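**Q** Pasting in a structure now, in structure tokens, and then I'll have a few things to ask.
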Amino acid sequence: MNKPTQYLLRGLLPATFAFCLAAPAVAQSPATEKPISVDKRYENDIKALAKNATVKAAFKTILDLEPQTLQDLITLTEIPAPPFKEEVRGRKYAEMLRAAGADSVWIDEVGNVLARRKGKNGSKTVVMEAHLDTVFPEGTDVKVKQRGDTLLAPGVGDDTRGLAMVLSVLKTLEKTGLETEADVLFIGTVGEEGLGDLRGVKHLFSEKGPKIDSYIAVDGTGIGTVTNRGLGSHRYRITFKGPGGHSSGAFGLVNPHNALGRAIHYFAVEADKFTKEGIRTTYNVGVIGGGTSVNSIPFESWMEVDMRSESPERVEGIDKLLQAAVQRALQEENQMKRLGPNLTVEVKLIGDRPAGGVDPGVTLVQRSVAATRFLGTEPALRVGSTNSNIAFSKGIPAVTIGSGGKGSNAHALDEYWINDKAYLGTQRALLLLLSETGIAKGKK
């Protein structure tokens, strides 16, 4: 056993050394099964960091801050952040980052909350980020219920725990006076979930965003995984439109529901064949709607469709199958009509998450794995749909890591999070961040 680990066991970690391997609450493919190869220099760098007297003090500070971090989690969870309505939570998070000691805090044009902590030389900028939004609609009861070490509330784990952990890392740096060489941006982003379509992080990487050299996203729980590949997706809202009319008096008009049913059938048949081989690809018709009453021919019928793969070519391939199915259904319904105008269709892209990734040998991934192993857990590499997708697509080194503890039932009303050695998530994040930024000599 190495000396830093002995120190952690004696002074900071429970004697059982039984670590949580909870999977992140983000869309993921199966993890890698074989051990990940890590260059010794990265393992040695992490060990050297952990031996640093100020870092040791920082690890203890993380433990001392646990009650405060827990209260921050409860406070933020109980501020609703429904899709496209993250403003109130964002303002509170900005206030908390400012109070924690950031050098400057601001909210950008789309609602992202950014806090800069200046480094000694500022030649590099490292981001540590979690997302502000949840999937739950306005009016959802987000009051936290506590049962022992378990917190129950919609959004408590995904990704409010991430926000609290990012805030805790900033507090730790300030309380211990750790000065980094690089600048750090602590960020709470908008629009990670659903139809938000990663709008927050897309803005960060636009020409209006700050300079970013490496990106650490915090999403999901546990400390057992490192997401280094992005699951790309296309999402569509497809709407068939007709004149509508009385079910008997206007019989013979085009019927949008008929076309929608055909489109779903033709797409599912072809997509099933397509996804049985090659790189894993998924598809789902998630929402359908339209019509006014049982005795009315509907004037519109619509569906929302999701298709995913880590291969851009596979996403494009299954996309073409959807387009063909829609046009075939449209043509057939128009051929069947007995009177009135033709049916039309609107195909609207409502989500476009690029695929991509970084090789396991890239420095940021190597450091993530080394930091995880140092804390006693064998990490697994995963592909997922997270804010890191945009960084991957831009060629910026990025990973998504969990926020610690155990969580389950993400995106459900009975979501919960358990404070099971959650400080390990914060300690891992701190080690990873410092390995990326470098520690400046002396205190801030």
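Letters A, B, ... go to the chains of the structure tokens in the order shown; residues in each chain start at 1; ligands are counted from 1 in the same order.
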Quick one: residues within 8 Å of A:Asn112, only C-alpha atoms counted, chain neighbours fewer than 2 positions away excluded, as a list in words?

**A**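 Contacts, in chain order: Gly90, Ile107, Asp108, Glu109, Val110, Leu114, Ile187, Gly188, Thr189, Val190 and Gly200 of chain A.
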
**Q** Could you take the residues named above and write them with N, CA, C and O atoms, as an mmCIF file, in the first residue's frame?

**A**
```
data_model
loop_
_atom_site.group_PDB
_atom_site.id
_atom_site.type_symbol
_atom_site.label_atom_id
_atom_site.label_comp_id
_atom_site.auth_asym_id
_atom_site.auth_seq_id
_atom_site.Cartn_x
_atom_site.Cartn_y
_atom_site.Cartn_z
ATOM 1 N N GLY A 90 -30.244 29.708 -11.100
ATOM 2 C CA GLY A 90 -28.998 30.293 -11.589
ATOM 3 C C GLY A 90 -28.567 31.503 -10.776
ATOM 4 O O GLY A 90 -27.392 31.651 -10.434
ATOM 5 N N ILE A 107 -23.482 35.992 -15.232
ATOM 6 C CA ILE A 107 -24.443 35.149 -15.928
ATOM 7 C C ILE A 107 -24.454 35.580 -17.389
ATOM 8 O O ILE A 107 -24.641 36.759 -17.698
ATOM 9 N N ASP A 108 -24.220 34.634 -18.301
ATOM 10 C CA ASP A 108 -24.101 35.002 -19.720
ATOM 11 C C ASP A 108 -25.461 35.118 -20.403
ATOM 12 O O ASP A 108 -26.516 34.996 -19.769
ATOM 13 N N GLU A 109 -25.441 35.326 -21.713
ATOM 14 C CA GLU A 109 -26.656 35.622 -22.478
ATOM 15 C C GLU A 109 -27.697 34.510 -22.426
ATOM 16 O O GLU A 109 -28.895 34.778 -22.552
ATOM 17 N N VAL A 110 -27.275 33.265 -22.274
ATOM 18 C CA VAL A 110 -28.248 32.171 -22.294
ATOM 19 C C VAL A 110 -28.620 31.684 -20.896
ATOM 20 O O VAL A 110 -29.494 30.828 -20.744
ATOM 21 N N LEU A 114 -21.154 31.630 -14.497
ATOM 22 C CA LEU A 114 -19.713 31.425 -14.578
ATOM 23 C C LEU A 114 -19.013 32.139 -13.434
ATOM 24 O O LEU A 114 -19.329 33.296 -13.127
ATOM 25 N N ILE A 187 -18.662 26.486 -13.367
ATOM 26 C CA ILE A 187 -19.821 26.860 -14.175
ATOM 27 C C ILE A 187 -21.045 26.001 -13.842
ATOM 28 O O ILE A 187 -20.937 24.789 -13.661
ATOM 29 N N GLY A 188 -22.201 26.654 -13.794
ATOM 30 C CA GLY A 188 -23.484 25.976 -13.776
ATOM 31 C C GLY A 188 -24.156 26.266 -15.112
ATOM 32 O O GLY A 188 -24.424 27.429 -15.434
ATOM 33 N N THR A 189 -24.401 25.238 -15.912
ATOM 34 C CA THR A 189 -24.921 25.441 -17.267
ATOM 35 C C THR A 189 -26.424 25.223 -17.337
ATOM 36 O O THR A 189 -27.013 24.496 -16.544
ATOM 37 N N VAL A 190 -27.029 25.829 -18.340
ATOM 38 C CA VAL A 190 -28.445 25.612 -18.631
ATOM 39 C C VAL A 190 -28.568 24.603 -19.772
ATOM 40 O O VAL A 190 -27.602 24.336 -20.496
ATOM 41 N N GLY A 200 -26.611 25.436 -23.272
ATOM 42 C CA GLY A 200 -25.674 26.161 -22.421
ATOM 43 C C GLY A 200 -24.238 25.936 -22.822
ATOM 44 O O GLY A 200 -23.472 26.898 -23.027
#
```

**Q** Near A:Ala99, counting only C-alpha atoms, which residues have an atom at most 12 Å away, once you skip same-chain residues fewer than 6 positions from it, shown as a list in words?

**A** Lys92, Tyr93, Val105, Ala115, Leu167, Ser168, Leu170, Lys171 and Glu174 of chain A

**Q** For stretch 233-246 of chain A, please output as a ChimeraX atom specification all residues within 9 Å (counting only C-alpha atoms; exclusion window: fewer than 2 positions along the same chain).

**A** /A:195,231,248-251,253-257,259-260,291,295-310,312,315-316,319,326,330,340-355,385

**Q** From a backbone DSSP assignment, name each residue in stretch 156-214 of chain A labelled helix (DSSP H, G or I), as a ChimeraX atom specification.

**A** /A:156-176,194-196,199-204

**Q** Those same residues - N, CA, C and O atoms - I'd like them written as a compact mmCIF listing (two decimals), in the first residue's frame.

**A**
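Result saved to selection_16.txt:
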```txt
# COMPACT_ATOMS: atom_id res chain seq x y z
N VAL A 156 -32.48 15.73 -7.11
CA VAL A 156 -31.49 15.82 -6.03
C VAL A 156 -30.12 15.28 -6.45
O VAL A 156 -29.08 15.78 -6.02
N GLY A 157 -30.12 14.25 -7.31
CA GLY A 157 -28.85 13.70 -7.76
C GLY A 157 -28.43 14.25 -9.11
O GLY A 157 -27.27 14.54 -9.36
N ASP A 158 -29.40 14.37 -10.02
CA ASP A 158 -29.13 14.75 -11.40
C ASP A 158 -29.68 16.14 -11.67
O ASP A 158 -30.84 16.30 -11.98
N ASP A 159 -28.90 17.18 -11.60
CA ASP A 159 -27.47 17.15 -11.34
C ASP A 159 -27.16 18.10 -10.20
O ASP A 159 -26.10 18.69 -10.15
N THR A 160 -28.14 18.24 -9.27
CA THR A 160 -27.95 19.21 -8.21
C THR A 160 -26.79 18.85 -7.30
O THR A 160 -26.07 19.72 -6.81
N ARG A 161 -26.61 17.55 -7.08
CA ARG A 161 -25.44 17.13 -6.31
C ARG A 161 -24.16 17.59 -7.00
O ARG A 161 -23.20 18.01 -6.34
N GLY A 162 -24.14 17.57 -8.32
CA GLY A 162 -22.97 18.05 -9.05
C GLY A 162 -22.70 19.52 -8.79
O GLY A 162 -21.56 19.93 -8.58
N LEU A 163 -23.76 20.33 -8.77
CA LEU A 163 -23.61 21.76 -8.49
C LEU A 163 -23.02 21.98 -7.10
O LEU A 163 -22.12 22.82 -6.92
N ALA A 164 -23.53 21.23 -6.10
CA ALA A 164 -23.04 21.37 -4.73
C ALA A 164 -21.58 20.95 -4.63
O ALA A 164 -20.79 21.57 -3.91
N MET A 165 -21.20 19.91 -5.38
CA MET A 165 -19.82 19.44 -5.32
C MET A 165 -18.87 20.44 -5.97
O MET A 165 -17.78 20.73 -5.45
N VAL A 166 -19.25 21.00 -7.11
CA VAL A 166 -18.43 22.01 -7.76
C VAL A 166 -18.22 23.20 -6.83
O VAL A 166 -17.10 23.73 -6.70
N LEU A 167 -19.28 23.63 -6.17
CA LEU A 167 -19.19 24.73 -5.20
C LEU A 167 -18.25 24.37 -4.06
O LEU A 167 -17.44 25.21 -3.61
N SER A 168 -18.30 23.13 -3.61
CA SER A 168 -17.43 22.68 -2.52
C SER A 168 -15.96 22.71 -2.91
O SER A 168 -15.09 23.03 -2.09
N VAL A 169 -15.66 22.37 -4.16
CA VAL A 169 -14.27 22.43 -4.63
C VAL A 169 -13.76 23.87 -4.58
O VAL A 169 -12.65 24.13 -4.11
N LEU A 170 -14.59 24.82 -5.03
CA LEU A 170 -14.19 26.23 -4.96
C LEU A 170 -13.97 26.66 -3.51
O LEU A 170 -12.96 27.32 -3.19
N LYS A 171 -14.88 26.31 -2.62
CA LYS A 171 -14.74 26.68 -1.20
C LYS A 171 -13.45 26.11 -0.62
O LYS A 171 -12.75 26.77 0.14
N THR A 172 -13.14 24.88 -1.00
CA THR A 172 -11.94 24.22 -0.48
C THR A 172 -10.68 24.95 -0.92
O THR A 172 -9.75 25.17 -0.13
N LEU A 173 -10.62 25.31 -2.20
CA LEU A 173 -9.46 26.05 -2.70
C LEU A 173 -9.28 27.37 -1.95
O LEU A 173 -8.17 27.74 -1.57
N GLU A 174 -10.38 28.06 -1.70
CA GLU A 174 -10.32 29.35 -1.02
C GLU A 174 -9.91 29.19 0.45
O GLU A 174 -9.09 29.95 0.96
N LYS A 175 -10.50 28.21 1.14
CA LYS A 175 -10.22 28.04 2.56
C LYS A 175 -8.80 27.59 2.82
O LYS A 175 -8.22 27.89 3.87
N THR A 176 -8.21 26.85 1.88
CA THR A 176 -6.84 26.36 2.09
C THR A 176 -5.81 27.26 1.43
O THR A 176 -4.60 27.05 1.60
N GLY A 194 -32.93 16.95 -22.06
CA GLY A 194 -34.00 16.90 -23.04
C GLY A 194 -33.88 17.90 -24.17
O GLY A 194 -32.85 17.99 -24.85
N LEU A 195 -34.95 18.67 -24.39
CA LEU A 195 -34.99 19.61 -25.50
C LEU A 195 -34.12 20.84 -25.27
O LEU A 195 -34.04 21.70 -26.14
N GLY A 196 -33.47 20.90 -24.12
CA GLY A 196 -32.47 21.96 -23.91
C GLY A 196 -31.35 21.84 -24.92
O GLY A 196 -30.68 22.83 -25.24
N ARG A 199 -27.84 23.59 -24.94
CA ARG A 199 -27.71 24.97 -25.40
C ARG A 199 -26.72 25.77 -24.56
O ARG A 199 -26.06 26.69 -25.07
N GLY A 200 -26.61 25.44 -23.27
CA GLY A 200 -25.67 26.16 -22.42
C GLY A 200 -24.24 25.94 -22.82
O GLY A 200 -23.47 26.90 -23.03
N VAL A 201 -23.86 24.68 -22.96
CA VAL A 201 -22.46 24.38 -23.29
C VAL A 201 -22.16 24.71 -24.76
O VAL A 201 -21.03 25.08 -25.10
N LYS A 202 -23.17 24.64 -25.62
CA LYS A 202 -22.97 25.08 -27.01
C LYS A 202 -22.59 26.56 -27.05
O LYS A 202 -21.73 26.98 -27.83
N HIS A 203 -23.24 27.34 -26.18
CA HIS A 203 -22.91 28.77 -26.11
C HIS A 203 -21.49 28.97 -25.57
O HIS A 203 -20.75 29.84 -26.06
N LEU A 204 -21.11 28.17 -24.57
CA LEU A 204 -19.76 28.29 -24.01
C LEU A 204 -18.70 28.10 -25.07
O LEU A 204 -17.64 28.73 -25.04
```

**Q** Would you give me, as a ChimeraX atom specification, the residues in stretch 208-436 of chain A that DSSP reads as strand (DSSP E)?

**A** /A:214-218,225-230,232-241,245-246,281-290,296-297,300-309,344-353,356-357,380-384,398-401,406-408,416-418

**Q** May I have the residues within 8 Å of stretch 366-368 of chain A as a VMD selection string, using only C-alpha atoms and disregarding those fewer than 5 positions away in the same chain?

**A** chain A and resid 38 to 39 42 to 43 46 226 360 to 361 399 432 435

**Q** Could you take the residues named above and write them with N, CA and C atoms, as a CSV table (one decimal), in the first residue's frame?

**A**
```
chain,number,residue,atom,x,y,z
A,38,VAL,N,-2.6,3.0,-17.6
A,38,VAL,CA,-2.3,4.4,-17.2
A,38,VAL,C,-0.7,4.5,-17.2
A,39,ASP,N,-0.3,5.5,-17.8
A,39,ASP,CA,1.2,5.8,-17.8
A,39,ASP,C,1.6,6.1,-16.3
A,42,TYR,N,1.5,9.6,-14.7
A,42,TYR,CA,0.3,10.3,-14.2
A,42,TYR,C,0.0,9.7,-12.9
A,43,GLU,N,0.2,8.5,-12.6
A,43,GLU,CA,0.0,7.9,-11.3
A,43,GLU,C,0.9,8.6,-10.3
A,46,ILE,N,-0.3,12.2,-9.5
A,46,ILE,CA,-1.4,12.2,-8.5
A,46,ILE,C,-0.9,11.9,-7.1
A,226,VAL,N,-15.5,7.1,-15.7
A,226,VAL,CA,-15.0,8.3,-16.4
A,226,VAL,C,-15.6,8.2,-17.8
A,360,PRO,N,-8.3,7.1,-24.6
A,360,PRO,CA,-7.9,6.8,-23.2
A,360,PRO,C,-6.5,7.3,-22.9
A,361,GLY,N,-5.7,7.4,-23.9
A,361,GLY,CA,-4.3,7.9,-23.6
A,361,GLY,C,-4.1,9.4,-23.5
A,399,VAL,N,-13.8,15.2,-20.0
A,399,VAL,CA,-14.3,14.0,-19.4
A,399,VAL,C,-15.5,14.4,-18.6
A,432,LEU,N,-8.1,15.8,-9.7
A,432,LEU,CA,-8.1,16.0,-11.1
A,432,LEU,C,-7.9,17.4,-11.5
A,435,SER,N,-4.4,18.6,-10.9
A,435,SER,CA,-3.4,17.9,-11.9
A,435,SER,C,-3.5,18.6,-13.2
```

**Q** For A:Arg147, find every residue with an atom within 12 Å (counting only C-alpha atoms), except residues of its own chain fewer than 5 positions away, and show them as a list in words.

**A** Leu152, Ala153, Tyr416, Trp417, Ile418 and Asn419 of chain A

**Q** Export, as a compact mmCIF listing (two decimals), in the first residue's frame, the selected residues with all heavy atoms.

**A**
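Produced file part38.txt, reproduced below:
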```txt
# COMPACT_ATOMS: atom_id res chain seq x y z
N LEU A 152 -34.44 12.54 -0.58
CA LEU A 152 -35.38 12.20 -1.64
C LEU A 152 -36.01 13.46 -2.19
O LEU A 152 -36.60 14.24 -1.45
CB LEU A 152 -36.49 11.28 -1.11
CG LEU A 152 -36.05 9.92 -0.55
CD1 LEU A 152 -35.92 9.99 0.96
CD2 LEU A 152 -37.05 8.84 -0.96
N ALA A 153 -35.88 13.66 -3.51
CA ALA A 153 -36.50 14.80 -4.19
C ALA A 153 -36.18 14.71 -5.67
O ALA A 153 -35.09 14.26 -6.05
CB ALA A 153 -36.00 16.14 -3.63
N TYR A 416 -33.56 9.67 -5.55
CA TYR A 416 -32.92 9.83 -4.25
C TYR A 416 -31.41 9.82 -4.38
O TYR A 416 -30.85 9.36 -5.39
CB TYR A 416 -33.38 8.75 -3.26
CG TYR A 416 -32.95 7.33 -3.62
CD1 TYR A 416 -31.70 6.83 -3.23
CD2 TYR A 416 -33.81 6.49 -4.33
CE1 TYR A 416 -31.32 5.54 -3.55
CE2 TYR A 416 -33.43 5.20 -4.64
CZ TYR A 416 -32.19 4.72 -4.26
OH TYR A 416 -31.81 3.43 -4.59
N TRP A 417 -30.76 10.35 -3.36
CA TRP A 417 -29.30 10.38 -3.29
C TRP A 417 -28.90 10.05 -1.86
O TRP A 417 -29.49 10.54 -0.90
CB TRP A 417 -28.78 11.76 -3.68
CG TRP A 417 -27.27 11.87 -3.60
CD1 TRP A 417 -26.36 11.44 -4.50
CD2 TRP A 417 -26.52 12.45 -2.52
NE1 TRP A 417 -25.09 11.71 -4.07
CE2 TRP A 417 -25.15 12.33 -2.86
CE3 TRP A 417 -26.87 13.04 -1.31
CZ2 TRP A 417 -24.15 12.79 -2.02
CZ3 TRP A 417 -25.87 13.51 -0.49
CH2 TRP A 417 -24.52 13.39 -0.84
N ILE A 418 -27.89 9.17 -1.73
CA ILE A 418 -27.41 8.73 -0.42
C ILE A 418 -25.99 9.25 -0.20
O ILE A 418 -25.12 9.09 -1.05
CB ILE A 418 -27.41 7.19 -0.31
CG1 ILE A 418 -28.82 6.64 -0.54
CG2 ILE A 418 -26.87 6.73 1.04
CD1 ILE A 418 -28.88 5.13 -0.63
N ASN A 419 -25.78 9.86 0.96
CA ASN A 419 -24.46 10.39 1.29
C ASN A 419 -23.55 9.25 1.77
O ASN A 419 -23.19 9.15 2.93
CB ASN A 419 -24.57 11.47 2.37
CG ASN A 419 -23.25 12.18 2.57
OD1 ASN A 419 -22.29 11.97 1.85
ND2 ASN A 419 -23.20 13.03 3.59
```

**Q** Please provide as a VMD selection string all residues within 12 Å of A:Ala371, with the sequence filter that same-chain residues fewer than 4 positions apart are discarded (counting only C-alpha atoms).

**A** chain A and resid 4 to 5 38 42 to 50 223 to 226 364 to 367 375 to 379 401 424 to 436

**Q** For A:Thr227, please output as a PyMOL selection string all residues within 9 Å (counting only C-alpha atoms; exclusion window: fewer than 6 positions along the same chain).

**A** chain A and resi 28+357+365+380-384+386+388+398-401

**Q** Between A:Asp272, A:Glu66, A:Glu129, A:Glu277, single out the one closest to A:Ile212, counting only C-alpha atoms.

**A** A:Glu129

**Q** Please indicate the distance in Å from atom CA of A:Asn389 to atom CA of A:Met128, rounded to one decimal place.

**A**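 It comes out at 14.6 Å.
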
**Q** Interatomic distance between atom CA of A:Ile74 and atom CA of A:Leu185?

**A**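 So the answer is 23.4 Å.
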
**Q** In terms of the shortest atom-to-atom distance over only C-alpha atoms, which of A:Phe392, A:Phe374, A:Tyr266, A:Phe84 is closest to A:Gly230?

**A** A:Phe392
